[in-house]
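File shown: data-v7.txt. Contents: compact mmCIF, C-alpha atoms.
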```txt
# COMPACT_ATOMS: atom_id res chain seq x y z
CA MET A 139 26.57 1.52 -19.86
CA SER A 140 24.13 1.37 -16.97
CA LEU A 141 20.36 1.26 -17.22
CA ARG A 142 18.58 4.50 -18.12
CA ALA A 143 14.83 4.94 -18.15
CA SER A 144 12.68 7.68 -19.64
CA LEU A 145 9.07 8.10 -18.58
CA LEU A 146 6.33 9.23 -20.95
CA ASN A 147 2.80 9.68 -19.64
CA GLN A 148 -0.08 8.94 -21.97
CA GLY A 149 -3.13 9.52 -19.77
CA GLU A 150 -3.38 6.67 -17.29
CA ILE A 151 -0.63 4.79 -19.12
CA THR A 152 3.06 5.39 -18.38
CA VAL A 153 5.67 4.21 -20.87
CA ILE A 154 9.06 3.35 -19.42
CA ALA A 155 11.61 3.41 -22.25
CA LEU A 156 14.75 1.53 -21.25
CA GLU A 157 18.28 2.04 -22.55
CA GLY A 158 21.52 0.27 -21.72
CA LYS A 159 21.69 -2.93 -19.73
CA LEU A 160 19.28 -4.67 -17.40
CA ASP A 161 21.18 -6.74 -14.88
CA PHE A 162 21.12 -7.76 -11.25
CA GLU A 163 22.58 -4.47 -10.00
CA ASN A 164 19.91 -2.22 -11.50
CA GLN A 165 16.78 -4.35 -11.71
CA ASP A 166 15.68 -3.38 -8.17
CA ILE A 167 15.32 0.28 -9.18
CA LEU A 168 13.24 -0.68 -12.21
CA ARG A 169 11.11 -3.01 -10.09
CA GLU A 170 10.40 -0.31 -7.50
CA SER A 171 9.51 2.21 -10.22
CA ILE A 172 7.04 -0.20 -11.80
CA MET A 173 5.54 -1.09 -8.40
CA ASN A 174 5.14 2.58 -7.45
CA LEU A 175 3.47 3.48 -10.75
CA THR A 176 1.14 0.50 -10.49
CA ARG A 177 0.20 1.38 -6.90
CA GLN A 178 -0.76 4.84 -8.20
CA GLY A 179 -3.21 3.18 -10.58
CA LYS A 180 -1.06 3.65 -13.67
CA LYS A 181 -0.91 1.05 -16.38
CA VAL A 182 2.69 0.52 -17.47
CA VAL A 183 4.31 -0.26 -20.80
CA VAL A 184 7.99 -1.23 -20.65
CA ASP A 185 9.67 -0.39 -23.97
CA MET A 186 12.81 -2.55 -24.22
CA GLU A 187 13.99 -1.30 -27.62
CA GLY A 188 17.02 0.54 -26.22
CA LEU A 189 18.34 -2.40 -24.20
CA ASN A 190 21.59 -3.80 -25.51
CA PHE A 191 22.18 -6.28 -22.68
CA VAL A 192 19.89 -8.30 -20.43
CA GLY A 193 21.59 -10.43 -17.79
CA SER A 194 19.95 -13.68 -16.76
CA SER A 195 19.75 -12.66 -13.10
CA GLY A 196 18.32 -9.25 -14.03
CA ILE A 197 15.61 -10.71 -16.25
CA THR A 198 14.84 -13.43 -13.70
CA ASN A 199 14.12 -10.85 -11.01
CA PHE A 200 12.23 -8.68 -13.50
CA ILE A 201 9.92 -11.60 -14.41
CA ARG A 202 9.46 -12.41 -10.69
CA SER A 203 8.37 -8.80 -10.20
CA LEU A 204 5.75 -9.18 -12.92
CA TYR A 205 4.44 -12.35 -11.28
CA GLU A 206 4.34 -10.52 -7.94
CA LEU A 207 2.19 -7.76 -9.45
CA GLN A 208 -0.11 -10.38 -10.92
CA GLU A 209 -0.42 -12.21 -7.58
CA ARG A 210 -1.36 -8.95 -5.86
CA GLY A 211 -4.09 -8.36 -8.44
CA MET A 212 -2.31 -5.32 -9.82
CA SER A 213 -2.01 -4.32 -13.45
CA VAL A 214 0.88 -6.20 -15.10
CA PRO A 215 3.05 -4.12 -17.43
CA ARG A 216 2.97 -4.80 -21.16
CA LEU A 217 6.36 -5.30 -22.80
CA CYS A 218 7.22 -4.00 -26.25
CA ASN A 219 10.08 -3.81 -28.72
CA VAL A 220 11.67 -6.87 -27.16
CA LYS A 221 14.63 -8.12 -29.19
CA SER A 222 14.55 -11.77 -30.22
CA GLU A 223 17.39 -12.82 -27.92
CA PHE A 224 15.60 -11.24 -24.95
CA LYS A 225 12.29 -12.86 -25.96
CA LYS A 226 13.98 -16.23 -25.64
CA ILE A 227 15.11 -15.43 -22.11
CA ILE A 228 11.69 -14.07 -21.12
CA SER A 229 9.95 -17.10 -22.65
CA ALA A 230 12.15 -19.44 -20.63
CA TYR A 231 10.99 -17.80 -17.39
CA ASP A 232 7.40 -17.04 -18.40
CA ILE A 233 6.27 -20.66 -18.20
CA ASN A 234 2.57 -19.81 -18.19
CA LYS A 235 2.86 -17.27 -21.03
CA ASP A 236 1.16 -14.71 -18.80
CA PHE A 237 2.90 -11.62 -20.08
CA SER A 238 1.94 -9.57 -23.08
CA ILE A 239 4.75 -8.79 -25.53
CA SER A 240 3.92 -6.40 -28.37
CA GLU A 241 5.97 -5.53 -31.41
CA SER A 242 5.53 -1.77 -30.95
CA ARG A 243 4.82 0.77 -28.24
CA GLU A 244 1.53 1.69 -29.90
CA ALA A 245 0.39 -1.95 -29.92
CA ALA A 246 1.27 -2.33 -26.22
CA VAL A 247 -0.71 0.80 -25.31
CA ASP A 248 -3.64 -0.44 -27.43
CA CYS A 249 -3.61 -3.74 -25.47
CA PHE A 250 -4.74 -1.87 -22.38
CA PHE A 251 -7.63 -0.25 -24.24
CA ARG A 252 -8.72 -3.54 -25.82
CA ALA A 253 -8.47 -5.30 -22.43
CA GLY A 254 -10.56 -2.55 -20.82
CA ALA A 255 -13.21 -2.80 -23.52
CA ASN A 256 -13.38 -6.58 -23.10
CA GLU A 257 -13.70 -6.29 -19.31
CA ASN A 258 -16.67 -3.94 -19.70
CA ASN A 259 -18.55 -6.32 -22.00
```
Structure translated into structure tokens:
Amino acid sequence: MSLRASLLNQGEITVIALEGKLDFENQDILRESIMNLTRQGKKVVVDMEGLNFVGSSGITNFIRSLYELQERGMSVPRLCNVKSEFKKIISAYDINKDFSISESREAAVDCFFRAGANENN
């Protein structure tokens, strides 16, 4: 099964729900989608609940994309519903623990609102 993504807009937040496998062959499309949404001013939540396979090269490039967004001063996507085996892979690459991983989609969306409230204080 290849990677499939469904988009759900919740105001200025776009949820990308992934299904299938994230690997080297399809991570570029996901990366470009996230970059385009972020350039449009959208905040992005990547829901990884439907992923049944994450290849090491796919996740490596995905994490590099998140760092690239951060370096450019752009909004970094929140991750949610990440299975334990994928958390281990992400943790291995996320040395600085810069990325937010939430247990649910709702919690990931709420992170943006809490972050916005804290920035205004």
Exercise. Within 10 Å of Ala245 in chain A, counting only C-alpha atoms, which residues qualify if same-chain residues fewer than 4 places away don't, as a PyMOL selection string?
Worked result: chain A and resi 216-219+239-241+249-251
For this session: Give as a PyMOL selection string every residue, naming chains and numbers as the document does, that has an atom within 10 Å of (18.1, -7.8, -21.9), counting all atoms listed in the file.
Result: chain A and resi 156-161+186-194+196-197+220-225+227-228
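Distances to Phe200 in chain A were evaluated for A:Ile172, A:Leu146, A:Met212, A:Val247 using only C-alpha atoms, and the minimum falls at A:Ile172.
Residue nearest Asn199 in chain A, chosen from A:Val182, A:Ile167, A:Ser242, A:Phe237 and counting only C-alpha atoms: A:Ile167.
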Exercise. From the list A:Gln165, A:Gln178, A:Ser238, A:Ser229, which residue is nearest Ala143 in chain A when using all atoms listed in the file?
Worked result: A:Gln165
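Residue nearest Val184 in chain A, chosen from A:Glu244, A:Glu206, A:Asp236, A:Glu163 and counting all atoms listed in the file: A:Glu244.
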